[in-house]
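Structure file input13.tsv; described as TSV, C-alpha atoms.
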chain	number	residue	atom	x	y	z
A	1	MET	CA	162.33	90.13	-87.63
A	2	ALA	CA	165.80	89.77	-86.14
A	3	THR	CA	167.19	89.81	-82.61
A	4	THR	CA	170.63	91.34	-82.08
A	5	LEU	CA	172.65	90.68	-78.93
A	6	ILE	CA	174.57	93.74	-77.72
A	7	ASP	CA	177.67	92.48	-75.99
A	8	GLY	CA	181.37	93.23	-75.56
A	9	PRO	CA	184.37	91.31	-76.90
A	10	TYR	CA	185.70	88.18	-75.24
A	11	PHE	CA	189.42	87.43	-75.11
A	12	GLU	CA	189.40	85.28	-78.27
A	13	GLU	CA	187.86	88.16	-80.23
A	14	PHE	CA	190.72	90.63	-79.73
A	15	GLU	CA	193.39	91.23	-82.35
A	16	ILE	CA	196.63	93.20	-82.15
A	17	GLY	CA	196.12	96.66	-83.63
A	18	GLN	CA	192.35	96.67	-83.07
A	19	THR	CA	191.08	100.13	-82.09
A	20	PHE	CA	187.98	101.27	-80.26
A	21	VAL	CA	186.43	104.71	-79.88
A	22	ALA	CA	183.70	105.99	-77.57
A	23	PRO	CA	181.34	108.96	-77.35
A	24	SER	CA	183.25	112.17	-76.64
A	25	VAL	CA	182.48	113.87	-73.33
A	26	THR	CA	182.39	117.55	-72.39
A	27	VAL	CA	183.39	117.85	-68.73
A	28	THR	CA	180.86	120.06	-66.96
A	29	GLU	CA	180.14	121.58	-63.58
A	30	GLY	CA	177.71	118.70	-63.05
A	31	HIS	CA	180.53	116.17	-63.37
A	32	ALA	CA	182.63	118.26	-60.98
A	33	ALA	CA	179.81	118.41	-58.42
A	34	VAL	CA	179.30	114.65	-58.49
A	35	TYR	CA	183.03	114.04	-58.13
A	36	ALA	CA	183.19	116.40	-55.13
A	37	ALA	CA	180.22	114.64	-53.51
A	38	LEU	CA	181.72	111.19	-54.02
A	39	PHE	CA	185.22	111.87	-52.73
A	40	GLY	CA	185.37	115.16	-50.82
A	41	ASP	CA	188.79	115.82	-52.37
A	42	ARG	CA	190.24	119.08	-51.00
A	43	MET	CA	192.55	119.92	-53.95
A	44	ARG	CA	192.13	123.67	-53.97
A	45	LEU	CA	191.97	124.85	-57.59
A	46	PRO	CA	189.10	122.57	-58.73
A	47	LEU	CA	187.09	123.74	-55.71
A	48	ASP	CA	187.51	127.51	-56.15
A	49	ARG	CA	186.83	129.11	-59.53
A	50	HIS	CA	188.22	132.50	-58.45
A	51	LEU	CA	191.43	131.03	-57.06
A	52	SER	CA	191.72	128.88	-60.18
A	53	ARG	CA	191.49	132.00	-62.38
A	54	LYS	CA	194.13	133.85	-60.31
A	55	VAL	CA	196.56	130.94	-60.57
A	56	THR	CA	195.94	129.61	-64.09
A	57	GLY	CA	194.83	132.79	-65.87
A	58	ASP	CA	191.92	130.86	-67.43
A	59	GLU	CA	188.39	132.12	-66.83
A	60	ARG	CA	187.15	128.54	-66.60
A	61	CYS	CA	187.58	126.50	-63.42
A	62	LEU	CA	190.27	123.83	-63.44
A	63	CYS	CA	188.86	120.31	-63.71
A	64	HIS	CA	190.09	117.94	-61.02
A	65	PRO	CA	192.82	115.95	-62.79
A	66	TYR	CA	191.44	112.62	-61.68
A	67	LEU	CA	187.94	113.52	-62.84
A	68	ALA	CA	189.48	113.92	-66.31
A	69	MET	CA	191.20	110.56	-65.85
A	70	HIS	CA	187.89	108.89	-64.91
A	71	MET	CA	186.20	110.21	-68.03
A	72	ALA	CA	189.06	108.99	-70.22
A	73	ALA	CA	189.19	105.58	-68.52
A	74	GLY	CA	185.43	105.15	-68.89
A	75	GLN	CA	185.78	105.83	-72.62
A	76	THR	CA	188.12	102.81	-72.89
A	77	THR	CA	185.72	100.25	-71.45
A	78	TYR	CA	184.02	99.01	-74.62
A	79	ALA	CA	187.07	96.77	-74.81
A	80	SER	CA	186.75	95.54	-71.23
A	81	GLN	CA	183.06	94.85	-70.72
A	82	HIS	CA	183.89	91.24	-69.79
A	83	VAL	CA	186.63	92.30	-67.38
A	84	LYS	CA	187.33	90.19	-64.30
A	85	GLY	CA	189.53	92.92	-62.89
A	86	ASN	CA	191.89	95.63	-64.15
A	87	LEU	CA	195.35	94.42	-63.24
A	88	PHE	CA	197.46	97.50	-63.77
A	89	TYR	CA	197.96	100.95	-65.24
A	90	ARG	CA	201.34	102.02	-66.61
A	91	SER	CA	202.91	105.33	-67.57
A	92	VAL	CA	199.91	107.61	-67.17
A	93	LEU	CA	200.97	111.12	-68.17
A	94	LEU	CA	198.66	114.12	-67.93
A	95	GLN	CA	200.24	116.25	-70.64
A	96	ARG	CA	198.07	119.37	-70.17
A	97	PRO	CA	195.42	120.55	-67.70
A	98	VAL	CA	191.72	120.07	-68.36
A	99	PHE	CA	189.23	122.85	-67.63
A	100	LEU	CA	185.47	122.60	-67.22
A	101	GLY	CA	184.00	122.96	-70.70
A	102	ASP	CA	186.78	120.96	-72.40
A	103	SER	CA	185.74	117.89	-74.41
A	104	LEU	CA	187.67	114.62	-74.24
A	105	TYR	CA	188.09	112.08	-77.06
A	106	THR	CA	189.77	108.74	-76.27
A	107	THR	CA	191.04	106.06	-78.64
A	108	THR	CA	191.87	102.59	-77.30
A	109	LYS	CA	194.29	100.27	-79.13
A	110	VAL	CA	195.03	96.59	-78.47
A	111	VAL	CA	198.81	96.19	-78.20
A	112	GLY	CA	199.26	92.82	-76.46
A	113	LEU	CA	197.43	89.55	-75.69
A	114	LYS	CA	198.45	86.95	-73.13
A	115	GLN	CA	196.25	84.07	-72.04
A	116	ASN	CA	196.47	83.04	-68.42
A	117	LYS	CA	197.60	79.51	-67.64
A	118	VAL	CA	194.70	77.10	-68.05
A	119	LYS	CA	193.78	75.49	-64.73
A	120	ALA	CA	191.36	72.67	-64.06
A	121	GLY	CA	188.00	73.87	-62.78
A	122	ARG	CA	188.66	77.49	-63.74
A	123	ALA	CA	187.21	79.18	-66.81
A	124	ALA	CA	189.82	80.47	-69.25
A	125	THR	CA	190.83	84.15	-69.17
A	126	GLY	CA	193.43	86.35	-70.79
A	127	MET	CA	195.19	89.66	-70.28
A	128	VAL	CA	194.71	92.41	-72.85
A	129	ALA	CA	197.27	95.23	-73.02
A	130	LEU	CA	195.53	98.44	-74.11
A	131	GLU	CA	197.11	101.76	-75.12
A	132	MET	CA	194.98	104.87	-74.65
A	133	THR	CA	195.31	108.36	-76.09
A	134	THR	CA	192.95	111.16	-75.05
A	135	LEU	CA	192.64	114.40	-77.02
A	136	ASN	CA	190.79	117.61	-76.25
A	137	GLN	CA	188.62	119.66	-78.63
A	138	ARG	CA	191.77	121.30	-80.05
A	139	ASP	CA	193.25	117.88	-80.92
A	140	GLU	CA	195.93	118.33	-78.24
A	141	ILE	CA	197.04	115.23	-76.35
A	142	VAL	CA	195.71	115.39	-72.79
A	143	LEU	CA	196.42	111.87	-71.54
A	144	HIS	CA	198.42	108.90	-72.71
A	145	PHE	CA	198.58	105.61	-70.79
A	146	TRP	CA	198.42	101.82	-70.85
A	147	ARG	CA	196.22	99.50	-68.83
A	148	CYS	CA	195.69	95.75	-68.65
A	149	PRO	CA	192.28	94.20	-67.95
A	150	MET	CA	191.83	90.47	-67.44
A	151	ILE	CA	189.08	89.37	-69.84
A	152	ALA	CA	186.95	86.22	-69.84
A	153	CYS	CA	187.20	83.79	-72.74
A	154	LYS	CA	183.97	82.97	-74.54
A	155	ASP	CA	184.92	79.28	-74.45
A	156	PRO	CA	185.68	78.38	-70.80
A	157	ALA	CA	188.13	75.74	-72.08
A	158	ALA	CA	189.79	77.93	-74.71
A	159	ASP	CA	193.52	77.62	-75.38
A	160	THR	CA	194.44	80.48	-77.71
A	161	GLY	CA	198.21	80.15	-77.51
A	162	ARG	CA	198.54	83.92	-77.07
A	163	ASN	CA	201.60	84.69	-74.95
A	164	ASP	CA	202.80	88.23	-75.72
A	165	ASP	CA	205.46	89.89	-73.60
A	166	PHE	CA	204.20	92.95	-71.69
A	167	ASP	CA	207.57	93.93	-70.22
A	168	TRP	CA	208.11	96.55	-72.93
A	169	ILE	CA	205.34	98.71	-71.45
A	170	LYS	CA	207.40	101.33	-69.63
A	171	ASN	CA	206.77	102.47	-66.09
A	172	THR	CA	209.22	105.36	-65.79
A	173	PHE	CA	209.48	108.95	-66.96
A	174	SER	CA	212.50	111.18	-67.35
A	175	THR	CA	212.52	114.32	-65.25
A	176	GLU	CA	212.45	116.27	-68.51
A	177	ALA	CA	209.22	114.56	-69.62
A	178	LEU	CA	207.57	115.30	-66.27
A	179	VAL	CA	208.63	118.96	-66.28
A	180	ASN	CA	207.49	119.37	-69.89
A	181	ALA	CA	204.03	118.18	-68.84
A	182	LEU	CA	203.65	120.99	-66.30
A	183	PRO	CA	201.64	124.05	-67.38
A	184	ARG	CA	203.58	127.25	-67.92
A	185	GLY	CA	202.61	130.73	-66.82
A	186	TRP	CA	200.70	129.82	-63.68
A	187	ASP	CA	201.03	132.29	-60.80
A	188	LEU	CA	201.51	130.25	-57.64
A	189	ARG	CA	201.66	133.20	-55.23
A	190	PRO	CA	197.94	133.09	-54.28
A	191	LEU	CA	198.47	129.56	-52.95
A	192	HIS	CA	201.09	130.57	-50.42
A	193	CYS	CA	199.04	131.42	-47.36
A	194	ASP	CA	199.48	130.93	-43.65
A	195	LEU	CA	196.01	129.55	-42.96
A	196	ILE	CA	196.21	126.56	-40.66
A	197	GLY	CA	195.65	123.35	-42.57
A	198	LEU	CA	196.35	124.85	-46.00
A	199	LYS	CA	200.14	125.14	-45.97
A	200	SER	CA	201.99	122.07	-47.17
A	201	PRO	CA	204.49	120.71	-44.67
A	202	VAL	CA	208.19	120.83	-45.42
A	203	VAL	CA	209.04	117.30	-46.54
A	204	ALA	CA	212.19	115.48	-47.56
A	205	ALA	CA	212.94	112.34	-49.51
A	206	GLY	CA	212.31	109.31	-47.31
A	207	ASP	CA	209.52	110.92	-45.27
A	208	GLU	CA	206.48	108.73	-44.73
A	209	PHE	CA	202.87	109.71	-44.06
A	210	GLU	CA	199.97	107.72	-42.69
A	211	ILE	CA	196.52	109.30	-43.02
A	212	ALA	CA	194.53	108.42	-39.91
A	213	PRO	CA	190.94	108.92	-41.17
A	214	LYS	CA	189.58	106.04	-43.22
A	215	ASP	CA	186.85	106.50	-45.84
A	216	THR	CA	183.93	104.22	-46.67
A	217	VAL	CA	183.35	103.18	-50.28
A	218	THR	CA	179.87	104.31	-51.31
A	219	CYS	CA	178.08	105.09	-54.60
A	220	ALA	CA	180.51	103.01	-56.64
A	221	PRO	CA	178.05	102.32	-59.51
A	222	GLU	CA	177.21	106.02	-59.72
A	223	LEU	CA	180.81	106.93	-60.58
A	224	VAL	CA	180.89	104.07	-63.09
A	225	ARG	CA	177.78	105.33	-64.86
A	226	MET	CA	178.86	108.99	-64.81
A	227	SER	CA	182.16	108.11	-66.48
A	228	LEU	CA	180.47	105.92	-69.13
A	229	ASN	CA	182.24	102.85	-67.76
A	230	ILE	CA	180.38	99.82	-69.17
A	231	ALA	CA	182.32	96.98	-67.53
A	232	TYR	CA	179.64	94.54	-66.39
A	233	THR	CA	181.26	93.51	-63.12
A	234	HIS	CA	180.90	97.02	-61.64
A	235	THR	CA	177.09	97.19	-62.00
A	236	ASP	CA	175.93	93.55	-62.20
A	237	GLU	CA	176.83	91.25	-59.32
A	238	THR	CA	175.95	88.18	-61.40
A	239	ARG	CA	178.86	89.00	-63.75
A	240	SER	CA	181.41	89.29	-60.95
A	241	TYR	CA	183.61	86.38	-59.91
A	242	LEU	CA	183.01	87.51	-56.30
A	243	GLY	CA	179.23	87.21	-56.45
A	244	GLN	CA	179.17	90.89	-55.44
A	245	ARG	CA	179.75	94.02	-57.50
A	246	LEU	CA	183.47	94.67	-57.89
A	247	VAL	CA	184.26	98.30	-57.14
A	248	TYR	CA	185.92	100.04	-60.11
A	249	GLY	CA	189.59	100.42	-59.28
A	250	GLY	CA	189.55	104.15	-60.03
A	251	HIS	CA	187.10	104.63	-57.16
A	252	THR	CA	189.69	103.28	-54.74
A	253	ILE	CA	192.40	105.43	-56.31
A	254	SER	CA	190.29	108.59	-55.97
A	255	ILE	CA	189.80	107.90	-52.27
A	256	ALA	CA	193.55	107.36	-51.87
A	257	LEU	CA	194.33	110.61	-53.71
A	258	ALA	CA	191.86	112.57	-51.60
A	259	GLN	CA	193.64	111.23	-48.51
A	260	VAL	CA	197.06	112.20	-49.92
A	261	VAL	CA	195.75	115.75	-50.45
A	262	ARG	CA	194.97	115.94	-46.72
A	263	ALA	CA	198.69	115.54	-46.10
A	264	LEU	CA	199.84	117.81	-48.97
A	265	PRO	CA	197.09	120.44	-49.23
A	266	ASN	CA	198.81	122.67	-51.78
A	267	LEU	CA	198.86	120.08	-54.54
A	268	LEU	CA	198.15	121.63	-57.93
A	269	GLN	CA	198.03	118.75	-60.36
A	270	MET	CA	198.31	114.99	-60.67
A	271	VAL	CA	201.11	114.76	-63.25
A	272	ALA	CA	201.89	111.09	-63.81
A	273	TRP	CA	201.56	107.51	-62.62
A	274	ARG	CA	204.68	105.43	-62.97
A	275	HIS	CA	202.58	102.39	-62.19
A	276	CYS	CA	199.32	101.50	-60.51
A	277	ASP	CA	198.74	97.87	-59.52
A	278	HIS	CA	195.46	96.58	-58.13
A	279	LEU	CA	196.48	93.91	-55.61
A	280	GLY	CA	193.05	92.81	-54.39
A	281	PRO	CA	189.33	93.42	-54.83
A	282	VAL	CA	187.39	96.26	-53.19
A	283	LEU	CA	183.69	95.98	-52.33
A	284	GLU	CA	181.01	98.54	-51.58
A	285	GLY	CA	181.12	99.37	-47.87
A	286	ASP	CA	184.85	98.67	-47.46
A	287	LEU	CA	186.90	101.14	-45.42
A	288	ILE	CA	189.93	102.50	-47.30
A	289	SER	CA	193.07	103.77	-45.59
A	290	THR	CA	196.17	105.24	-47.20
A	291	GLN	CA	199.83	105.75	-46.48
A	292	PHE	CA	202.61	107.04	-48.70
A	293	LYS	CA	206.36	107.56	-48.90
A	294	VAL	CA	208.12	110.55	-50.48
A	295	ASN	CA	210.74	109.19	-52.87
A	296	SER	CA	211.87	112.65	-53.97
A	297	CYS	CA	210.71	116.27	-53.90
A	298	GLU	CA	212.43	118.61	-56.30
A	299	PRO	CA	211.82	122.29	-57.18
A	300	VAL	CA	210.94	122.69	-60.87
A	301	PRO	CA	211.37	125.58	-63.36
A	302	PRO	CA	207.66	126.55	-63.59
A	303	GLY	CA	207.73	127.01	-59.82
A	304	GLY	CA	206.60	124.73	-57.04
A	305	VAL	CA	207.78	121.23	-56.23
A	306	LEU	CA	207.49	117.91	-58.03
A	307	TYR	CA	206.74	115.12	-55.53
A	308	ASP	CA	207.45	111.49	-56.44
A	309	LEU	CA	205.37	109.28	-54.13
A	310	THR	CA	204.74	105.61	-53.52
A	311	VAL	CA	201.17	105.24	-52.28
A	312	ALA	CA	199.65	102.17	-50.65
A	313	ALA	CA	195.94	101.75	-49.97
A	314	PHE	CA	194.32	99.14	-47.76
A	315	ALA	CA	190.76	97.80	-47.69
A	316	HIS	CA	189.25	96.92	-44.30
A	317	ARG	CA	186.12	94.75	-44.00
A	318	LYS	CA	184.59	92.36	-41.47
A	319	ASP	CA	184.83	88.62	-42.09
A	320	GLY	CA	181.98	86.18	-41.50
A	321	HIS	CA	182.66	86.29	-37.75
A	322	GLY	CA	182.54	90.09	-37.52
A	323	VAL	CA	186.32	90.44	-37.18
A	324	MET	CA	187.83	93.34	-39.12
A	325	GLN	CA	190.33	92.16	-41.73
A	326	SER	CA	192.75	94.30	-43.72
A	327	GLU	CA	194.22	93.76	-47.18
A	328	LYS	CA	196.59	95.85	-49.28
A	329	VAL	CA	194.69	96.62	-52.48
A	330	LEU	CA	196.74	99.31	-54.24
A	331	ASP	CA	200.41	99.93	-55.04
A	332	TRP	CA	200.65	103.28	-56.82
A	333	GLY	CA	203.66	105.21	-58.10
A	334	LEU	CA	202.35	108.79	-58.24
A	335	VAL	CA	203.96	112.06	-59.32
A	336	VAL	CA	202.22	115.29	-58.26
A	337	TRP	CA	203.01	119.00	-58.52
A	338	GLY	CA	202.59	121.24	-55.50
A	339	ALA	CA	202.99	124.91	-54.68
Please re-express this file's structure in structure tokens.
Amino acid sequence: MATTLIDGPYFEEFEIGQTFVAPSVTVTEGHAAVYAALFGDRMRLPLDRHLSRKVTGDERCLCHPYLAMHMAAGQTTYASQHVKGNLFYRSVLLQRPVFLGDSLYTTTKVVGLKQNKVKAGRAATGMVALEMTTLNQRDEIVLHFWRCPMIACKDPAADTGRNDDFDWIKNTFSTEALVNALPRGWDLRPLHCDLIGLKSPVVAAGDEFEIAPKDTVTCAPELVRMSLNIAYTHTDETRSYLGQRLVYGGHTISIALAQVVRALPNLLQMVAWRHCDHLGPVLEGDLISTQFKVNSCEPVPPGGVLYDLTVAAFAHRKDGHGVMQSEKVLDWGLVVWGA
């Protein structure tokens, strides 16, 4: 008889060029319902099958773009089960829309390894640069992006000598690349209505928005499980450096996006992330607030407007004396398409 330990890789066990795959996922109405319940995002097309059909011409309902991103990100987490925290995303590009009923297949490749400086009294860790490509059932590229988790070393005193440069990982897109990622043939006329609260404001470069309502982080492990995210720190408080479950960074981002949609209610798609840096931890029960600046807003050939935004999210929680403290936890360069 033999006993086999099922575990994820530690930092010393990664090699450049290593690839990981995960179970493919068909995005269903069940996933969409859970996402809506968790975040209350008011992006119109994923909420309304009939409006989605009028605009896109597809009989299936449009999948919320960040629901697709969650499923893809979860498929990458075999590599980051021992994550201490995901430090950043770079150059996320949604190259085509996802509809309910589509299946997603994600491959994760190790492209860089950099051990953190060894410090007395602190267990060794390293940063792993991962490149992800997500295909649909027609073998079309849906998503391509990089992310960087910080991973524990198996030996707390390890000194691997790994010191790769991550600066080559780009964080910009040409306007041409962004426009090429937009779907063609959508009819945006049904989105132009005069209903109060549904018409996007006229904005200009330099405008800033602060969303007054905050939102409480709840059901963080449920999103993790739904998206097949198997990073220990999100479900097991004993594996977190905080002694509490660390909220998956995508949960915070989804709350921030839902708050952005309140300000720009005719958003059609999340197109790209130039960067997304997690600046601090988020815990279950934190209040999240969001503000953003419009860097540019340009009409594009398929119709509508491409908005380039810088989004900041803040976590608010009481300290040991019951005093509310605030911390910036997210710096996000977001490009969205609106009617």
Could you name the residues that touch stretch 256-259 of chain A at 7 Å or less, counting all atoms listed in the file, but leaving out those on the same chain fewer than 6 positions away, as a PDB file with C-alpha atoms, in the coordinates of the input?
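Writing the result to out35.pdb gives the following:
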ATOM      1  CA  PHE A  39     185.220 111.870 -52.730  1.00  0.00           C
ATOM      2  CA  ASP A  41     188.790 115.820 -52.370  1.00  0.00           C
ATOM      3  CA  ARG A  42     190.240 119.080 -51.000  1.00  0.00           C
ATOM      4  CA  ILE A 211     196.520 109.300 -43.020  1.00  0.00           C
ATOM      5  CA  THR A 290     196.170 105.240 -47.200  1.00  0.00           C
ATOM      6  CA  ALA A 313     195.940 101.750 -49.970  1.00  0.00           C
TER       7      ALA A 313
END
- request: Tell me which of A:Thr107, A:Thr235, A:Asn171, A:Asn180 sits closest to A:Ala22, counting only C-alpha atoms.
  value: A:Thr107
Near stretch 62-81 of chain A, 9 Å: stretch 149-168 of chain A residue rows, closest pairs, all atoms listed in the file, as a Markdown table:
| residue | atom | partner | partner_atom | distance |
| --- | --- | --- | --- | --- |
| A:Pro149 | CA | A:Ser80 | CA | 6.6 |
| A:Met150 | CA | A:Ser80 | CA | 8.1 |
| A:Ile151 | CA | A:Ser80 | CA | 6.7 |
task: Dig up all the protein and nucleic acid residues within 10 Å of (198.1, 81.6, -77.7) in the file frame, using all atoms listed in the file, and format them as a list in words.
output: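 Within 10 Å of (198.1, 81.6, -77.7), the protein and nucleic acid residues are Glu12, Leu113, Lys114, Gln115, Asn116, Gly126, Ala158, Asp159, Thr160, Gly161, Arg162, Asn163 and Asp164 of chain A.
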With only C-alpha atoms counted, which protein, DNA or RNA residues have an atom no more than 6 Å from (185.5, 114.2, -70.6) in the file frame? Please answer as a tab-separated table (two decimals) with C-alpha atoms, keeping the file's coordinate frame.
chain	number	residue	atom	x	y	z
A	25	VAL	CA	182.48	113.87	-73.33
A	26	THR	CA	182.39	117.55	-72.39
A	27	VAL	CA	183.39	117.85	-68.73
A	68	ALA	CA	189.48	113.92	-66.31
A	71	MET	CA	186.20	110.21	-68.03
A	103	SER	CA	185.74	117.89	-74.41
A	104	LEU	CA	187.67	114.62	-74.24
